[in-house]
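Quick look at data32.cif (mmCIF, C-alpha atoms and all ligand atoms):
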```cif
data_structure
#
loop_
_atom_site.group_PDB
_atom_site.id
_atom_site.type_symbol
_atom_site.label_atom_id
_atom_site.label_comp_id
_atom_site.auth_asym_id
_atom_site.auth_seq_id
_atom_site.Cartn_x
_atom_site.Cartn_y
_atom_site.Cartn_z
ATOM 1 C CA MET Q 1 72.357 86.971 101.316
ATOM 2 C CA ARG Q 2 71.724 89.790 103.735
ATOM 3 C CA VAL Q 3 73.921 92.828 104.143
ATOM 4 C CA VAL Q 4 73.665 95.562 106.717
ATOM 5 C CA VAL Q 5 76.002 98.519 106.866
ATOM 6 C CA ASP Q 6 76.259 100.332 110.142
ATOM 7 C CA LEU Q 7 76.165 103.805 108.672
ATOM 8 C CA SER Q 8 77.024 105.379 111.988
ATOM 9 C CA ARG Q 9 80.382 103.620 111.727
ATOM 10 C CA CYS Q 10 80.931 104.014 108.015
ATOM 11 C CA GLU Q 11 83.546 106.642 107.313
ATOM 12 C CA GLY Q 12 83.059 106.658 103.570
ATOM 13 C CA TYR Q 13 86.405 105.102 102.735
ATOM 14 C CA ALA Q 14 84.798 103.488 99.688
ATOM 15 C CA GLN Q 15 86.805 100.284 99.970
ATOM 16 C CA CYS Q 16 83.583 98.338 99.684
ATOM 17 C CA ALA Q 17 82.459 100.241 96.591
ATOM 18 C CA PHE Q 18 85.815 99.501 95.028
ATOM 19 C CA LEU Q 19 85.749 95.781 95.810
ATOM 20 C CA ALA Q 20 82.064 95.089 95.278
ATOM 21 C CA PRO Q 21 80.697 97.833 93.035
ATOM 22 C CA ASP Q 22 77.529 95.854 92.332
ATOM 23 C CA ALA Q 23 76.560 95.876 95.966
ATOM 24 C CA PHE Q 24 78.034 99.126 97.300
ATOM 25 C CA ARG Q 25 78.111 102.516 95.734
ATOM 26 C CA MET Q 26 79.228 105.888 96.925
ATOM 27 C CA HIS Q 27 76.682 108.604 96.523
ATOM 28 C CA GLY Q 28 78.583 111.836 96.491
ATOM 29 C CA GLU Q 29 81.675 112.136 98.657
ATOM 30 C CA GLU Q 30 80.581 110.386 101.797
ATOM 31 C CA ALA Q 31 77.177 108.779 101.543
ATOM 32 C CA LEU Q 32 77.174 105.068 100.971
ATOM 33 C CA MET Q 33 74.322 103.340 99.194
ATOM 34 C CA TYR Q 34 74.130 99.582 99.223
ATOM 35 C CA ASP Q 35 72.055 96.627 98.232
ATOM 36 C CA PRO Q 36 70.778 94.989 101.439
ATOM 37 C CA ASN Q 37 69.965 91.807 99.587
ATOM 38 C CA PRO Q 38 72.673 91.103 97.041
ATOM 39 C CA ASP Q 39 72.551 88.016 94.907
ATOM 40 C CA ASP Q 40 74.426 85.007 96.287
ATOM 41 C CA ALA Q 41 76.579 85.109 93.187
ATOM 42 C CA ARG Q 42 78.126 88.244 94.687
ATOM 43 C CA ARG Q 43 78.914 86.609 98.010
ATOM 44 C CA LYS Q 44 82.668 86.477 97.443
ATOM 45 C CA GLN Q 45 82.849 90.117 96.427
ATOM 46 C CA VAL Q 46 80.689 91.199 99.308
ATOM 47 C CA LEU Q 47 82.663 89.186 101.859
ATOM 48 C CA ARG Q 48 85.862 90.662 100.508
ATOM 49 C CA ALA Q 49 84.397 94.142 100.805
ATOM 50 C CA ALA Q 50 83.252 93.435 104.362
ATOM 51 C CA ALA Q 51 86.718 92.214 105.293
ATOM 52 C CA ALA Q 52 88.326 95.260 103.736
ATOM 53 C CA CYS Q 53 86.182 97.830 105.499
ATOM 54 C CA PRO Q 54 88.584 99.651 107.831
ATOM 55 C CA VAL Q 55 85.907 100.205 110.467
ATOM 56 C CA GLN Q 56 84.088 96.847 110.169
ATOM 57 C CA ALA Q 57 80.855 98.559 109.326
ATOM 58 C CA ILE Q 58 79.630 95.829 106.987
ATOM 59 C CA LEU Q 59 77.709 92.975 108.545
ATOM 60 C CA VAL Q 60 76.920 89.964 106.397
ATOM 61 C CA ASP Q 61 74.157 87.484 107.170
ATOM 62 C CA GLN Q 62 73.866 88.642 110.769
ATOM 63 C CA LEU Q 63 70.094 88.592 110.705
ATOM 64 C CA GLU Q 64 69.592 85.381 108.774
ATOM 65 C CA GLY Q 65 66.952 83.196 110.352
ATOM 66 C CA ARG Q 66 66.326 85.504 113.266
ATOM 67 C CA ASP Q 67 63.242 87.450 114.041
ATOM 68 C CA VAL Q 68 64.548 90.949 114.535
ATOM 69 C CA SER Q 69 61.397 92.144 116.229
ATOM 70 C CA ALA Q 70 61.892 89.483 118.910
ATOM 71 C CA GLU Q 71 65.082 91.240 119.945
ATOM 72 C CA GLU Q 72 63.354 94.392 121.008
ATOM 73 C CA PRO Q 73 62.940 94.675 124.745
ATOM 74 C CA PRO Q 74 59.387 94.111 125.980
ATOM 75 C CA SER Q 75 57.521 97.321 126.625
HETATM 76 S S1 LIG L 101 84.474 100.325 103.296
HETATM 77 FE FE1 LIG L 101 83.402 100.598 105.222
HETATM 78 S S2 LIG L 101 83.796 102.700 105.802
HETATM 79 FE FE2 LIG L 101 84.276 102.490 103.651
HETATM 80 S S3 LIG L 101 82.436 103.102 102.587
HETATM 81 FE FE3 LIG L 101 82.400 100.900 102.815
HETATM 82 S S4 LIG L 101 81.258 100.568 104.692
HETATM 83 FE FE4 LIG L 101 81.896 102.678 104.688
#
```
Take the structure from the file and write it as structure tokens.
Ligand code: SF4
Amino acid sequence: MRVVVDLSRCEGYAQCAFLAPDAFRMHGEEALMYDPNPDDARRKQVLRAAAACPVQAILVDQLEGRDVSAEEPPS
């Protein structure tokens, strides 16, 4: 599964690190580190963490099957 955290939104509440410590980890007080490609076995944990994020910064499977580069505007 694919996980993206919008770090510009993340406020470092650490809810995700608490609920899915295998996928999300706080680095110091505020910096979040995460696994962008967690094992599917962690899906439940990760979805729970995404739902618990107070600022909805965690996006799950948003990019699946899409070519991200195709979304850039033509230059
Ligand atoms: S729960 Fe949301 S705001 Fe808190 S650390 Fe995780 S991603 Fe950031």
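One distance worth recording is that between CA of Ala20 (chain Q) and CA of Val5 (chain Q), which is 13.5 Å.
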Per residue of chain Q within 8 Å of ligand LIG 101 (chain L), what are the shortest atom pair and its distance in Å to one decimal, counting only C-alpha atoms and all ligand atoms, with rows by chain and residue number, as CSV?
```
residue,atom,partner,partner_atom,distance
Q:Val5,CA,L:LIG101,S4,6.0
Q:Asp6,CA,L:LIG101,S4,7.4
Q:Leu7,CA,L:LIG101,FE4,7.1
Q:Arg9,CA,L:LIG101,S2,6.9
Q:Cys10,CA,L:LIG101,FE4,3.7
Q:Glu11,CA,L:LIG101,S2,4.2
Q:Gly12,CA,L:LIG101,S3,3.7
Q:Tyr13,CA,L:LIG101,FE2,3.5
Q:Ala14,CA,L:LIG101,S3,3.8
Q:Gln15,CA,L:LIG101,S1,4.1
Q:Cys16,CA,L:LIG101,FE3,4.2
Q:Ala17,CA,L:LIG101,FE3,6.3
Q:Phe24,CA,L:LIG101,FE3,7.3
Q:Met26,CA,L:LIG101,S3,7.1
Q:Glu30,CA,L:LIG101,S3,7.6
Q:Ala31,CA,L:LIG101,S3,7.8
Q:Leu32,CA,L:LIG101,S3,5.8
Q:Ala49,CA,L:LIG101,S1,6.7
Q:Ala50,CA,L:LIG101,S1,7.1
Q:Ala52,CA,L:LIG101,S1,6.4
Q:Cys53,CA,L:LIG101,S1,3.7
Q:Pro54,CA,L:LIG101,FE1,5.9
Q:Val55,CA,L:LIG101,S2,5.7
Q:Gln56,CA,L:LIG101,FE1,6.2
Q:Ala57,CA,L:LIG101,S4,5.1
Q:Ile58,CA,L:LIG101,S4,5.5
```
Å distance separating CA of Gln45 (chain Q) from CA of Arg2 (chain Q), one decimal place
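So the answer is 13.3 Å.
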Which one of Q:Leu19, Q:Gly28, Q:Arg42, Q:Met33 sits closest to Val60 (chain Q) if you count all atoms listed in the file?
Q:Arg42
One decimal, Å: what's the distance from CA of Ala23 (chain Q) over to CA of Val46 (chain Q), could you say?
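These atoms are spaced 7.1 Å apart.
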Nearest to Pro36 (chain Q), restricted to all atoms listed in the file and choosing among Q:Arg48, Q:Ser8, Q:Leu59, Q:Pro21, comes out as Q:Leu59
Met1 (chain Q) environment, 7 Å, all atoms listed in the file, sequence neighbours closer than 4 positions dropped, as a JSON list (two decimals) with C-alpha atoms, in the coordinates of the input:
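New file around15.json:
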```
[["chain", "number", "residue", "atom", "x", "y", "z"],
["Q", 37, "ASN", "CA", 69.96, 91.81, 99.59],
["Q", 38, "PRO", "CA", 72.67, 91.10, 97.04],
["Q", 39, "ASP", "CA", 72.55, 88.02, 94.91],
["Q", 40, "ASP", "CA", 74.43, 85.01, 96.29],
["Q", 61, "ASP", "CA", 74.16, 87.48, 107.17]]
```
Edge lengths and centre in Å to one decimal, as JSON, of the axis-aligned box that encloses all listed atoms of region 2-21 of chain Q with 3 Å added on every side?
```
{"center_x": 79.3, "center_y": 98.2, "center_z": 102.5, "size_x": 21.1, "size_y": 22.9, "size_z": 25.0}
```
